[in-house]
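Below is one structure, written out as structure tokens; the observations come after it.
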Amino acid sequence: MEQWILKVALDTPLHTVFDYRWRQASGEAPPEIGQLVMVSFGRRDTMGLIVELATHSELPPDKLKDALELRRQLPPLSRQWLDLCAFAADYYQRPLGEVALPGLPKNLRAIKPTALDKALKALDKTPKPVAVRKTRKKAKAAVLADNASASVAPCAESPEAMAAPVHAAGLAAEAEDSAHAPDSTEHASGSELYFGVAPQLNPAQQDAADAIAEARGFTPLLLYGVTGSGKTEVYLQAAARILLRDLDPASGKLPPAQILILVPEINLTPQLEGNIRARFPNLEVVSLHSGLAEGERTRGWLAAHTGQARIVLGTRLAILASLPHLKLIVIDEEHDPSYKQQEGLRYSARDLAVWRAHQLSIPVVLGSATPSLETWQHAQAGRYRRLELRQRAAAQAVLPKVRVLDMERDKPNDGLTSTLVAAMRKRLERGEQSLLFLNRRGYAPVLACDACGWISNCPRCTAFMVLHKPERRLRCHHCSLELYIPKGCPTCGNIDLQPLGRGTQRVEEGLAAIFPEARVLRIDADSTRLKGSAQSAFDSVHRGEVDILIGTQMVAKGHDFKRLTLVGVLNPDTALFSHDYRASERLFAQLMQVAGRAGRAGPSEEGNPSEVLIQTRYPHHPLYGAVTRHDYDGFAGTLLDERRQAFLPPFMYQALLRAEARELDIALAFLQDAAHCLEHGGITINEPIPMTMTRVANVERAQLLIECESRPALQSFLKDWMQILRQMKTRARWSLEVDPVDI
Ligand code: ADP
Ligand code: ZN
Ligand code: ZN
């Protein structure tokens, strides 16, 4: 019997790995790094991850526990994956186990392996998809077929031999055909090898796809393309070429390559997933996001982990998926705030993607019409390669005409100016769709009493309770407290309480009065609470069953609405005067994105151009001027100059220490102590301050901002600082965020 010491990472806040003993019976395989192992910890059994093997432990033998069980049926996680987790743990100052374990599907970590075994079995049985179609469209479609016949033949390959069989002769013939087709000479680079029928790329798209597919080694690329410029098509065709690279025409074996595509929102995955599946009918495509049922999630994760899934489409959490053959990472809409996790391990999926690409020496594509200033600055400095798509892709599609409507001159009724109403009426007459964007859900942000001045403050937060009329509730959007709408003023009894301001529900109500015949649909977090309801709402828009769509930022992103020719923006002004230095960057991106939903399929049949109308009280604000001109470059340049002068990111690196307690003084006192506990040359430690929203759910919150011009210097300070803070006695709960975005 041989004895091992397993160094095990566990999902606990303790910054250490734990020693366990493993007695290897004769004839039994030794434990492996990257294996999951069941251990008893405190009073419970829990799943850990073996991160190191040793022969000796510092623990006295009577303190050393035996590990309970190895999950041998799961192929071990790779060294590279462990390194990724270790990097994230180190960079964000969290224990390794808290990074590595929560990202694994629950079924993998369950005490009983029943669900895991079932998922592994199902994975083995999955028929490898093979082509059944034999269509051929000149150079544009080549079809890969099973090498024996063109019928679907389930074959149970082991995870290692995942290479999907390809009809070698057929493929070669297709390639040959296309090489001789008169209009396909520019495809000699190999882009003719599509799996499904793909549109011919325009020259700018082709250059971008070439640059991605031909990149060797670590190559960060910014795909800067206006809305509707066909970035998705570039990703897919570059992906196809990377998957087919090193294809051995003799055996027809597809080399084991995987592509990871990240999108900001769950509700964007089904549309893209459908497109990808249609494009790659021969390959396994899986989605990874938090909206999946546990079984699906386990299956998808395993398909990625074994290499069986060639394309993984996911939200930010997918950046931590195990992908042994990763060859390309794509971050679509890379500027989107959803790539930042805002609780627990507060990581940036975009930043981890770049690190991962560096680790694996592969290209990473960051796509956006409005890149984050961080990414833009990297591109300006030549660290990222910039690829540009300046025009929309669909035939005759051009960017919409953007106009600013002065609300002082054209006074709104029910929140809508007469110009906007007239423009909507025209769309109704022509059978086209309009979209109204208002980033405020609910009916009204406040309910108030004119008689005594009472307003609907949340009793637990520094915030108003929002009036939700259809639900007949007051709701706090911060602590989720719900109250019935009071019949009269709680202070003076006045029964005539007034809603102040306007949310999506109130606009929806107004629309019903102005356009009684129109089919109006509201899409926001309230209307899409039920699983699947967001999807079915978007489907009905795509099917043309909606005339007027009203929504929050949920509708502003990514969607390719083909019949939409008018976008109205209501009430964007509040962000102009925010304390948050990122507010104008965000507002600008939001407006450019929502404007980008209009006119994507080209002008209407009568040749009418698409329009974006922004209602504002500040028609001359430079931000709106830049949106009107579609001038991202100019606006980004101005913002970067401001940031440079004000010593703000991306010219400065920041970390934020947050503390919360029942009493504000306790939180502030802890931050004061923290600010003075360590020498800090080159690091700026600001004064502790209460957070803007000081109280949430009866907890008082404060923060301390740390800044440094050098990232390594900040990192090394944080490391030492955290060690001291972890020893400090305080009643405050605290957490550190590296590269905070909301401060
Ligand atoms: P983006 O992601 O850049 O906003 P999409 O990828 O959604 O844009 O593309 C916008 C529209 O243009 C889609 O309907 C897409 O099918 C179409 N499209 C993309 N590339 C081409 C092309 N080369 N020829 C014709 N249509 C295209
Ligand atoms: Zn009152
Ligand atoms: Zn509240």
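All residue names refer to the structure tokens as shown: chains lettered A, B, ... in order, residues numbered from 1 in each chain, ligands numbered from 1 in order.
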Identify, counting only C-alpha atoms and all ligand atoms, the protein, DNA and RNA residues located within 10 Å of ligand 3, and give them as a short mmCIF file (atom, residue, chain, number, x, y, z; two decimals) with N, CA and C atoms, in the first residue's frame.
data_model
loop_
_atom_site.label_atom_id
_atom_site.label_comp_id
_atom_site.auth_asym_id
_atom_site.auth_seq_id
_atom_site.Cartn_x
_atom_site.Cartn_y
_atom_site.Cartn_z
N ASN A 457 -40.04 56.38 0.45
CA ASN A 457 -38.70 55.89 0.79
C ASN A 457 -38.75 54.44 1.20
N CYS A 458 -37.71 53.69 0.84
CA CYS A 458 -37.62 52.32 1.37
C CYS A 458 -37.20 52.41 2.83
N PRO A 459 -37.93 51.71 3.71
CA PRO A 459 -37.56 51.78 5.13
C PRO A 459 -36.20 51.14 5.42
N ARG A 460 -35.69 50.35 4.47
CA ARG A 460 -34.43 49.65 4.76
C ARG A 460 -33.23 50.15 3.97
N CYS A 461 -33.50 51.00 2.95
CA CYS A 461 -32.40 51.42 2.07
C CYS A 461 -32.40 52.93 1.86
N THR A 462 -31.26 53.44 1.42
CA THR A 462 -31.20 54.84 0.99
C THR A 462 -31.71 54.88 -0.45
N ALA A 463 -33.00 54.61 -0.63
CA ALA A 463 -33.55 54.53 -2.00
C ALA A 463 -35.05 54.69 -1.93
N PHE A 464 -35.64 55.02 -3.08
CA PHE A 464 -37.10 55.08 -3.15
C PHE A 464 -37.67 53.71 -3.46
N MET A 465 -38.91 53.50 -3.00
CA MET A 465 -39.64 52.32 -3.44
C MET A 465 -40.32 52.70 -4.75
N VAL A 466 -40.20 51.82 -5.72
CA VAL A 466 -40.70 52.10 -7.06
C VAL A 466 -42.14 51.62 -7.18
N ARG A 475 -42.10 48.50 -4.79
CA ARG A 475 -40.98 47.57 -4.73
C ARG A 475 -39.67 48.31 -4.58
N CYS A 476 -38.81 47.80 -3.70
CA CYS A 476 -37.47 48.35 -3.63
C CYS A 476 -36.57 47.53 -4.55
N HIS A 477 -35.93 48.19 -5.48
CA HIS A 477 -35.08 47.46 -6.43
C HIS A 477 -33.73 47.08 -5.84
N HIS A 478 -33.50 47.46 -4.59
CA HIS A 478 -32.21 47.16 -3.98
C HIS A 478 -32.28 46.07 -2.93
N CYS A 479 -33.37 46.04 -2.14
CA CYS A 479 -33.47 45.00 -1.11
C CYS A 479 -34.66 44.08 -1.39
N SER A 480 -35.39 44.33 -2.49
CA SER A 480 -36.53 43.50 -2.90
C SER A 480 -37.73 43.56 -1.97
N LEU A 481 -37.73 44.50 -1.04
CA LEU A 481 -38.91 44.65 -0.19
C LEU A 481 -40.12 45.01 -1.05
N GLU A 482 -41.28 44.39 -0.75
CA GLU A 482 -42.51 44.69 -1.47
C GLU A 482 -43.59 45.12 -0.50
N ARG A 695 -27.19 52.82 2.74
CA ARG A 695 -27.87 51.74 3.45
C ARG A 695 -28.63 50.85 2.46
N VAL A 696 -28.38 49.56 2.52
CA VAL A 696 -29.17 48.60 1.74
C VAL A 696 -29.58 47.47 2.68
N ALA A 697 -30.87 47.20 2.75
CA ALA A 697 -31.41 46.17 3.62
C ALA A 697 -30.90 46.33 5.06
N ASN A 698 -30.93 47.57 5.55
CA ASN A 698 -30.54 47.89 6.92
C ASN A 698 -29.07 47.64 7.23
#
Next on the checklist: Taking only C-alpha atoms and all ligand atoms into account, which residues have an atom no farther than 10 Å from ligand 2? I'd like them as a ChimeraX atom specification.
Outcome noted: /A:448-455,488-497
Grab the residues selected above and save them as a compact mmCIF listing (two decimals), in the first residue's frame with N, CA and C atoms.
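The resulting file, result20.txt, is shown below:
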# COMPACT_ATOMS: atom_id res chain seq x y z
N ALA A 448 -45.63 59.98 -4.31
CA ALA A 448 -45.49 61.12 -3.40
C ALA A 448 -46.84 61.70 -3.00
N CYS A 449 -46.83 62.39 -1.87
CA CYS A 449 -48.03 63.09 -1.39
C CYS A 449 -47.80 64.60 -1.52
N ASP A 450 -48.64 65.24 -2.33
CA ASP A 450 -48.54 66.68 -2.53
C ASP A 450 -48.88 67.45 -1.26
N ALA A 451 -49.76 66.90 -0.48
CA ALA A 451 -50.28 67.61 0.68
C ALA A 451 -49.23 67.77 1.79
N CYS A 452 -48.49 66.69 2.11
CA CYS A 452 -47.58 66.78 3.24
C CYS A 452 -46.13 66.52 2.86
N GLY A 453 -45.87 66.13 1.62
CA GLY A 453 -44.48 65.93 1.21
C GLY A 453 -43.95 64.53 1.45
N TRP A 454 -44.81 63.61 1.89
CA TRP A 454 -44.37 62.22 2.06
C TRP A 454 -43.90 61.66 0.71
N ILE A 455 -42.81 60.90 0.71
CA ILE A 455 -42.42 60.16 -0.50
C ILE A 455 -42.10 58.73 -0.14
N GLY A 488 -54.02 55.54 1.12
CA GLY A 488 -53.87 56.98 1.35
C GLY A 488 -52.48 57.26 1.88
N CYS A 489 -52.14 58.52 2.02
CA CYS A 489 -50.81 58.89 2.49
C CYS A 489 -50.60 58.35 3.91
N PRO A 490 -49.51 57.62 4.14
CA PRO A 490 -49.27 57.05 5.47
C PRO A 490 -49.11 58.14 6.53
N THR A 491 -48.78 59.37 6.13
CA THR A 491 -48.58 60.43 7.12
C THR A 491 -49.85 61.26 7.35
N CYS A 492 -50.52 61.69 6.25
CA CYS A 492 -51.62 62.63 6.44
C CYS A 492 -52.97 62.10 5.95
N GLY A 493 -52.95 60.91 5.35
CA GLY A 493 -54.22 60.32 4.95
C GLY A 493 -54.75 60.77 3.60
N ASN A 494 -54.11 61.73 2.98
CA ASN A 494 -54.49 62.20 1.64
C ASN A 494 -54.60 61.00 0.69
N ILE A 495 -55.73 60.86 0.01
CA ILE A 495 -55.89 59.67 -0.84
C ILE A 495 -55.40 59.90 -2.27
N ASP A 496 -54.98 61.13 -2.55
CA ASP A 496 -54.56 61.45 -3.91
C ASP A 496 -53.04 61.42 -4.04
N LEU A 497 -52.46 60.21 -3.95
CA LEU A 497 -50.99 60.09 -4.05
C LEU A 497 -50.58 60.15 -5.52
Within 10 Å of ligand 1, counting only C-alpha atoms and all ligand atoms, which protein or nucleic acid residues do you find, written as a PDB file with N, CA and C atoms, in the first residue's frame?
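Everything below was put into result-v5.pdb:
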ATOM      1  N   ALA A 198     -23.045  30.004 -45.966  1.00  0.00           N
ATOM      2  CA  ALA A 198     -22.680  31.269 -45.347  1.00  0.00           C
ATOM      3  C   ALA A 198     -22.692  32.366 -46.396  1.00  0.00           C
ATOM      4  N   PRO A 199     -23.056  33.588 -45.984  1.00  0.00           N
ATOM      5  CA  PRO A 199     -22.996  34.673 -46.955  1.00  0.00           C
ATOM      6  C   PRO A 199     -21.543  34.983 -47.306  1.00  0.00           C
ATOM      7  N   GLN A 200     -21.360  35.490 -48.484  1.00  0.00           N
ATOM      8  CA  GLN A 200     -20.045  35.924 -48.913  1.00  0.00           C
ATOM      9  C   GLN A 200     -19.651  37.169 -48.112  1.00  0.00           C
ATOM     10  N   LEU A 201     -18.485  37.127 -47.531  1.00  0.00           N
ATOM     11  CA  LEU A 201     -18.048  38.275 -46.736  1.00  0.00           C
ATOM     12  C   LEU A 201     -17.746  39.459 -47.653  1.00  0.00           C
ATOM     13  N   ASN A 202     -18.014  40.660 -47.159  1.00  0.00           N
ATOM     14  CA  ASN A 202     -17.557  41.830 -47.904  1.00  0.00           C
ATOM     15  C   ASN A 202     -16.054  42.009 -47.648  1.00  0.00           C
ATOM     16  N   PRO A 203     -15.374  42.859 -48.415  1.00  0.00           N
ATOM     17  CA  PRO A 203     -13.912  42.916 -48.299  1.00  0.00           C
ATOM     18  C   PRO A 203     -13.417  43.244 -46.883  1.00  0.00           C
ATOM     19  N   ALA A 204     -14.101  44.150 -46.183  1.00  0.00           N
ATOM     20  CA  ALA A 204     -13.645  44.489 -44.830  1.00  0.00           C
ATOM     21  C   ALA A 204     -13.807  43.293 -43.894  1.00  0.00           C
ATOM     22  N   GLN A 205     -14.943  42.598 -44.035  1.00  0.00           N
ATOM     23  CA  GLN A 205     -15.151  41.395 -43.209  1.00  0.00           C
ATOM     24  C   GLN A 205     -14.090  40.347 -43.532  1.00  0.00           C
ATOM     25  N   GLN A 206     -13.807  40.205 -44.824  1.00  0.00           N
ATOM     26  CA  GLN A 206     -12.836  39.202 -45.250  1.00  0.00           C
ATOM     27  C   GLN A 206     -11.461  39.491 -44.647  1.00  0.00           C
ATOM     28  N   LEU A 223     -12.075  43.906 -32.827  1.00  0.00           N
ATOM     29  CA  LEU A 223     -12.913  44.001 -34.025  1.00  0.00           C
ATOM     30  C   LEU A 223     -13.878  45.158 -33.792  1.00  0.00           C
ATOM     31  N   TYR A 224     -13.479  46.301 -34.318  1.00  0.00           N
ATOM     32  CA  TYR A 224     -14.231  47.529 -34.120  1.00  0.00           C
ATOM     33  C   TYR A 224     -15.134  47.683 -35.339  1.00  0.00           C
ATOM     34  N   GLY A 225     -16.415  47.351 -35.177  1.00  0.00           N
ATOM     35  CA  GLY A 225     -17.321  47.375 -36.327  1.00  0.00           C
ATOM     36  C   GLY A 225     -18.620  48.032 -35.942  1.00  0.00           C
ATOM     37  N   VAL A 226     -19.103  48.948 -36.746  1.00  0.00           N
ATOM     38  CA  VAL A 226     -20.347  49.648 -36.418  1.00  0.00           C
ATOM     39  C   VAL A 226     -21.466  48.625 -36.248  1.00  0.00           C
ATOM     40  N   THR A 227     -22.549  49.044 -35.597  1.00  0.00           N
ATOM     41  CA  THR A 227     -23.667  48.126 -35.368  1.00  0.00           C
ATOM     42  C   THR A 227     -24.205  47.638 -36.714  1.00  0.00           C
ATOM     43  N   GLY A 228     -24.399  46.330 -36.821  1.00  0.00           N
ATOM     44  CA  GLY A 228     -24.920  45.773 -38.068  1.00  0.00           C
ATOM     45  C   GLY A 228     -23.849  45.560 -39.131  1.00  0.00           C
ATOM     46  N   SER A 229     -22.565  45.673 -38.735  1.00  0.00           N
ATOM     47  CA  SER A 229     -21.502  45.530 -39.741  1.00  0.00           C
ATOM     48  C   SER A 229     -21.174  44.067 -40.014  1.00  0.00           C
ATOM     49  N   GLY A 230     -21.831  43.162 -39.317  1.00  0.00           N
ATOM     50  CA  GLY A 230     -21.626  41.746 -39.587  1.00  0.00           C
ATOM     51  C   GLY A 230     -20.438  41.168 -38.833  1.00  0.00           C
ATOM     52  N   LYS A 231     -20.303  41.561 -37.570  1.00  0.00           N
ATOM     53  CA  LYS A 231     -19.206  41.026 -36.770  1.00  0.00           C
ATOM     54  C   LYS A 231     -19.402  39.535 -36.531  1.00  0.00           C
ATOM     55  N   THR A 232     -20.658  39.146 -36.297  1.00  0.00           N
ATOM     56  CA  THR A 232     -20.941  37.731 -36.034  1.00  0.00           C
ATOM     57  C   THR A 232     -20.439  36.854 -37.175  1.00  0.00           C
ATOM     58  N   GLU A 233     -20.685  37.314 -38.386  1.00  0.00           N
ATOM     59  CA  GLU A 233     -20.264  36.547 -39.553  1.00  0.00           C
ATOM     60  C   GLU A 233     -18.740  36.396 -39.587  1.00  0.00           C
ATOM     61  N   VAL A 234     -18.054  37.439 -39.179  1.00  0.00           N
ATOM     62  CA  VAL A 234     -16.585  37.375 -39.121  1.00  0.00           C
ATOM     63  C   VAL A 234     -16.146  36.323 -38.094  1.00  0.00           C
ATOM     64  N   TYR A 235     -16.781  36.362 -36.919  1.00  0.00           N
ATOM     65  CA  TYR A 235     -16.417  35.357 -35.900  1.00  0.00           C
ATOM     66  C   TYR A 235     -16.613  33.950 -36.461  1.00  0.00           C
ATOM     67  N   LEU A 236     -17.796  33.743 -37.073  1.00  0.00           N
ATOM     68  CA  LEU A 236     -18.151  32.377 -37.485  1.00  0.00           C
ATOM     69  C   LEU A 236     -17.235  31.880 -38.599  1.00  0.00           C
ATOM     70  N   LEU A 272     -28.139  33.484 -31.342  1.00  0.00           N
ATOM     71  CA  LEU A 272     -26.801  33.195 -31.843  1.00  0.00           C
ATOM     72  C   LEU A 272     -26.577  31.681 -31.882  1.00  0.00           C
ATOM     73  N   ASN A 275     -28.063  30.279 -34.966  1.00  0.00           N
ATOM     74  CA  ASN A 275     -27.235  30.574 -36.137  1.00  0.00           C
ATOM     75  C   ASN A 275     -25.999  29.684 -36.184  1.00  0.00           C
ATOM     76  N   ASP A 332     -17.942  38.961 -27.651  1.00  0.00           N
ATOM     77  CA  ASP A 332     -18.828  39.826 -28.425  1.00  0.00           C
ATOM     78  C   ASP A 332     -19.310  40.960 -27.517  1.00  0.00           C
ATOM     79  N   GLU A 333     -19.448  42.156 -28.049  1.00  0.00           N
ATOM     80  CA  GLU A 333     -19.854  43.337 -27.264  1.00  0.00           C
ATOM     81  C   GLU A 333     -18.973  43.460 -26.025  1.00  0.00           C
ATOM     82  N   GLY A 367     -14.941  42.164 -29.761  1.00  0.00           N
ATOM     83  CA  GLY A 367     -15.769  42.822 -30.779  1.00  0.00           C
ATOM     84  C   GLY A 367     -16.669  43.875 -30.180  1.00  0.00           C
ATOM     85  N   SER A 368     -16.779  45.036 -30.824  1.00  0.00           N
ATOM     86  CA  SER A 368     -17.707  46.062 -30.350  1.00  0.00           C
ATOM     87  C   SER A 368     -17.812  47.218 -31.341  1.00  0.00           C
ATOM     88  N   ALA A 369     -18.959  47.886 -31.299  1.00  0.00           N
ATOM     89  CA  ALA A 369     -19.112  49.139 -32.026  1.00  0.00           C
ATOM     90  C   ALA A 369     -18.665  50.302 -31.141  1.00  0.00           C
ATOM     91  N   LEU A 389     -14.669  47.521 -39.305  1.00  0.00           N
ATOM     92  CA  LEU A 389     -15.782  47.372 -40.250  1.00  0.00           C
ATOM     93  C   LEU A 389     -16.547  48.686 -40.187  1.00  0.00           C
ATOM     94  N   ARG A 390     -16.407  49.484 -41.207  1.00  0.00           N
ATOM     95  CA  ARG A 390     -16.979  50.837 -41.142  1.00  0.00           C
ATOM     96  C   ARG A 390     -18.402  50.906 -41.683  1.00  0.00           C
ATOM     97  N   GLN A 391     -18.816  49.877 -42.432  1.00  0.00           N
ATOM     98  CA  GLN A 391     -20.142  49.903 -43.050  1.00  0.00           C
ATOM     99  C   GLN A 391     -21.022  48.757 -42.551  1.00  0.00           C
ATOM    100  N   ARG A 392     -22.310  48.967 -42.657  1.00  0.00           N
ATOM    101  CA  ARG A 392     -23.228  47.865 -42.367  1.00  0.00           C
ATOM    102  C   ARG A 392     -23.121  46.812 -43.464  1.00  0.00           C
ATOM    103  N   ALA A 393     -23.462  45.569 -43.089  1.00  0.00           N
ATOM    104  CA  ALA A 393     -23.189  44.454 -43.991  1.00  0.00           C
ATOM    105  C   ALA A 393     -24.338  44.127 -44.938  1.00  0.00           C
ATOM    106  N   ALA A 394     -25.564  44.178 -44.442  1.00  0.00           N
ATOM    107  CA  ALA A 394     -26.690  43.746 -45.274  1.00  0.00           C
ATOM    108  C   ALA A 394     -26.847  44.700 -46.458  1.00  0.00           C
ATOM    109  N   ALA A 395     -27.363  44.168 -47.571  1.00  0.00           N
ATOM    110  CA  ALA A 395     -27.472  44.949 -48.793  1.00  0.00           C
ATOM    111  C   ALA A 395     -28.172  46.278 -48.518  1.00  0.00           C
ATOM    112  N   GLN A 396     -27.549  47.368 -48.886  1.00  0.00           N
ATOM    113  CA  GLN A 396     -28.118  48.709 -48.779  1.00  0.00           C
ATOM    114  C   GLN A 396     -28.369  49.217 -47.363  1.00  0.00           C
ATOM    115  N   ALA A 397     -28.012  48.436 -46.364  1.00  0.00           N
ATOM    116  CA  ALA A 397     -28.253  48.913 -45.006  1.00  0.00           C
ATOM    117  C   ALA A 397     -27.249  50.015 -44.679  1.00  0.00           C
ATOM    118  N   LYS A 557     -29.434  45.677 -26.629  1.00  0.00           N
ATOM    119  CA  LYS A 557     -28.204  44.987 -26.989  1.00  0.00           C
ATOM    120  C   LYS A 557     -28.372  43.948 -28.073  1.00  0.00           C
ATOM    121  N   GLY A 558     -27.393  43.872 -28.943  1.00  0.00           N
ATOM    122  CA  GLY A 558     -27.164  42.695 -29.776  1.00  0.00           C
ATOM    123  C   GLY A 558     -28.246  42.236 -30.740  1.00  0.00           C
ATOM    124  N   HIS A 559     -29.511  42.385 -30.385  1.00  0.00           N
ATOM    125  CA  HIS A 559     -30.558  41.772 -31.205  1.00  0.00           C
ATOM    126  C   HIS A 559     -30.565  42.284 -32.637  1.00  0.00           C
ATOM    127  N   ASP A 560     -30.851  41.370 -33.543  1.00  0.00           N
ATOM    128  CA  ASP A 560     -30.926  41.712 -34.954  1.00  0.00           C
ATOM    129  C   ASP A 560     -32.402  41.724 -35.355  1.00  0.00           C
ATOM    130  N   PHE A 561     -33.086  42.850 -35.035  1.00  0.00           N
ATOM    131  CA  PHE A 561     -34.501  42.989 -35.393  1.00  0.00           C
ATOM    132  C   PHE A 561     -34.584  43.470 -36.845  1.00  0.00           C
ATOM    133  N   LYS A 562     -35.192  42.659 -37.676  1.00  0.00           N
ATOM    134  CA  LYS A 562     -35.140  42.967 -39.105  1.00  0.00           C
ATOM    135  C   LYS A 562     -36.153  44.032 -39.542  1.00  0.00           C
ATOM    136  N   GLN A 593     -25.640  51.598 -29.104  1.00  0.00           N
ATOM    137  CA  GLN A 593     -26.152  50.230 -29.244  1.00  0.00           C
ATOM    138  C   GLN A 593     -27.631  50.235 -29.591  1.00  0.00           C
ATOM    139  N   GLY A 596     -28.300  51.289 -32.885  1.00  0.00           N
ATOM    140  CA  GLY A 596     -27.880  50.234 -33.801  1.00  0.00           C
ATOM    141  C   GLY A 596     -28.934  49.172 -34.070  1.00  0.00           C
ATOM    142  N   ARG A 597     -30.043  49.193 -33.317  1.00  0.00           N
ATOM    143  CA  ARG A 597     -31.113  48.222 -33.587  1.00  0.00           C
ATOM    144  C   ARG A 597     -31.940  48.646 -34.790  1.00  0.00           C
ATOM    145  N   GLY A 599     -32.898  49.794 -38.601  1.00  0.00           N
ATOM    146  CA  GLY A 599     -32.499  49.779 -40.008  1.00  0.00           C
ATOM    147  C   GLY A 599     -31.431  48.762 -40.359  1.00  0.00           C
ATOM    148  N   ARG A 600     -31.378  47.661 -39.624  1.00  0.00           N
ATOM    149  CA  ARG A 600     -30.301  46.698 -39.858  1.00  0.00           C
ATOM    150  C   ARG A 600     -30.474  45.930 -41.152  1.00  0.00           C
ATOM    151  N   ALA A 601     -31.718  45.819 -41.618  1.00  0.00           N
ATOM    152  CA  ALA A 601     -31.933  45.038 -42.847  1.00  0.00           C
ATOM    153  C   ALA A 601     -32.032  45.950 -44.067  1.00  0.00           C
ATOM    154  N   GLY A 602     -31.642  47.202 -43.922  1.00  0.00           N
ATOM    155  CA  GLY A 602     -31.704  48.118 -45.060  1.00  0.00           C
ATOM    156  C   GLY A 602     -32.930  48.992 -44.984  1.00  0.00           C
TER     157      GLY A 602
END
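Take atom CA of Val39 of chain A and atom CA of Cys85 of chain A: the distance between them is 20.6 Å.
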Next on the checklist: If you run DSSP on the backbone here, which positions in segment 195-440 of chain A get strand (DSSP E or B)? Please write them as a VMD selection string.
Outcome noted: chain A and resid 219 to 225 248 253 258 to 262 285 to 288 311 to 314 326 to 331 340 348 363 to 368 385 to 389 401 to 406 413 416 433 to 437
Sort by chain and increasing residue number a table of all residues of segment 54-125 of chain A within 12 Å of segment 297-316 of chain A, each with its closest pair of atoms and their distance in Å to one decimal, counting only C-alpha atoms, and write it as a tab-separated table.
residue	atom	partner	partner_atom	distance
A:Gln73	CA	A:Leu302	CA	11.6
A:Leu74	CA	A:Leu302	CA	8.8
A:Pro75	CA	A:Thr306	CA	7.7
A:Pro76	CA	A:His305	CA	9.3
A:Leu77	CA	A:His305	CA	7.9
A:Ser78	CA	A:His305	CA	9.3
A:Trp81	CA	A:His305	CA	10.2
A:Gly103	CA	A:Trp301	CA	10.0
A:Leu104	CA	A:Trp301	CA	8.0
A:Pro105	CA	A:Thr298	CA	5.5
A:Lys106	CA	A:Thr298	CA	7.8
A:Asn107	CA	A:Thr298	CA	6.6
A:Leu108	CA	A:Thr298	CA	7.6
A:Arg109	CA	A:Thr298	CA	10.7
A:Ala110	CA	A:Thr298	CA	11.6
A:Ala115	CA	A:Thr298	CA	8.8
A:Leu116	CA	A:Thr298	CA	7.7
A:Asp117	CA	A:Thr298	CA	10.7
A:Lys118	CA	A:Arg299	CA	9.5
A:Ala119	CA	A:Arg299	CA	5.8
A:Leu120	CA	A:Leu302	CA	7.4
A:Lys121	CA	A:Arg299	CA	9.9
A:Ala122	CA	A:Arg299	CA	8.0
A:Leu123	CA	A:Arg299	CA	6.9
A:Asp124	CA	A:Ala303	CA	9.6
A:Lys125	CA	A:Ala303	CA	11.8
Item to check | Pairwise distance for atom CA of His15 of chain A and atom CA of Glu32 of chain A, rounded to one decimal in Å | outcome: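 A separation of 22.3 Å between them.
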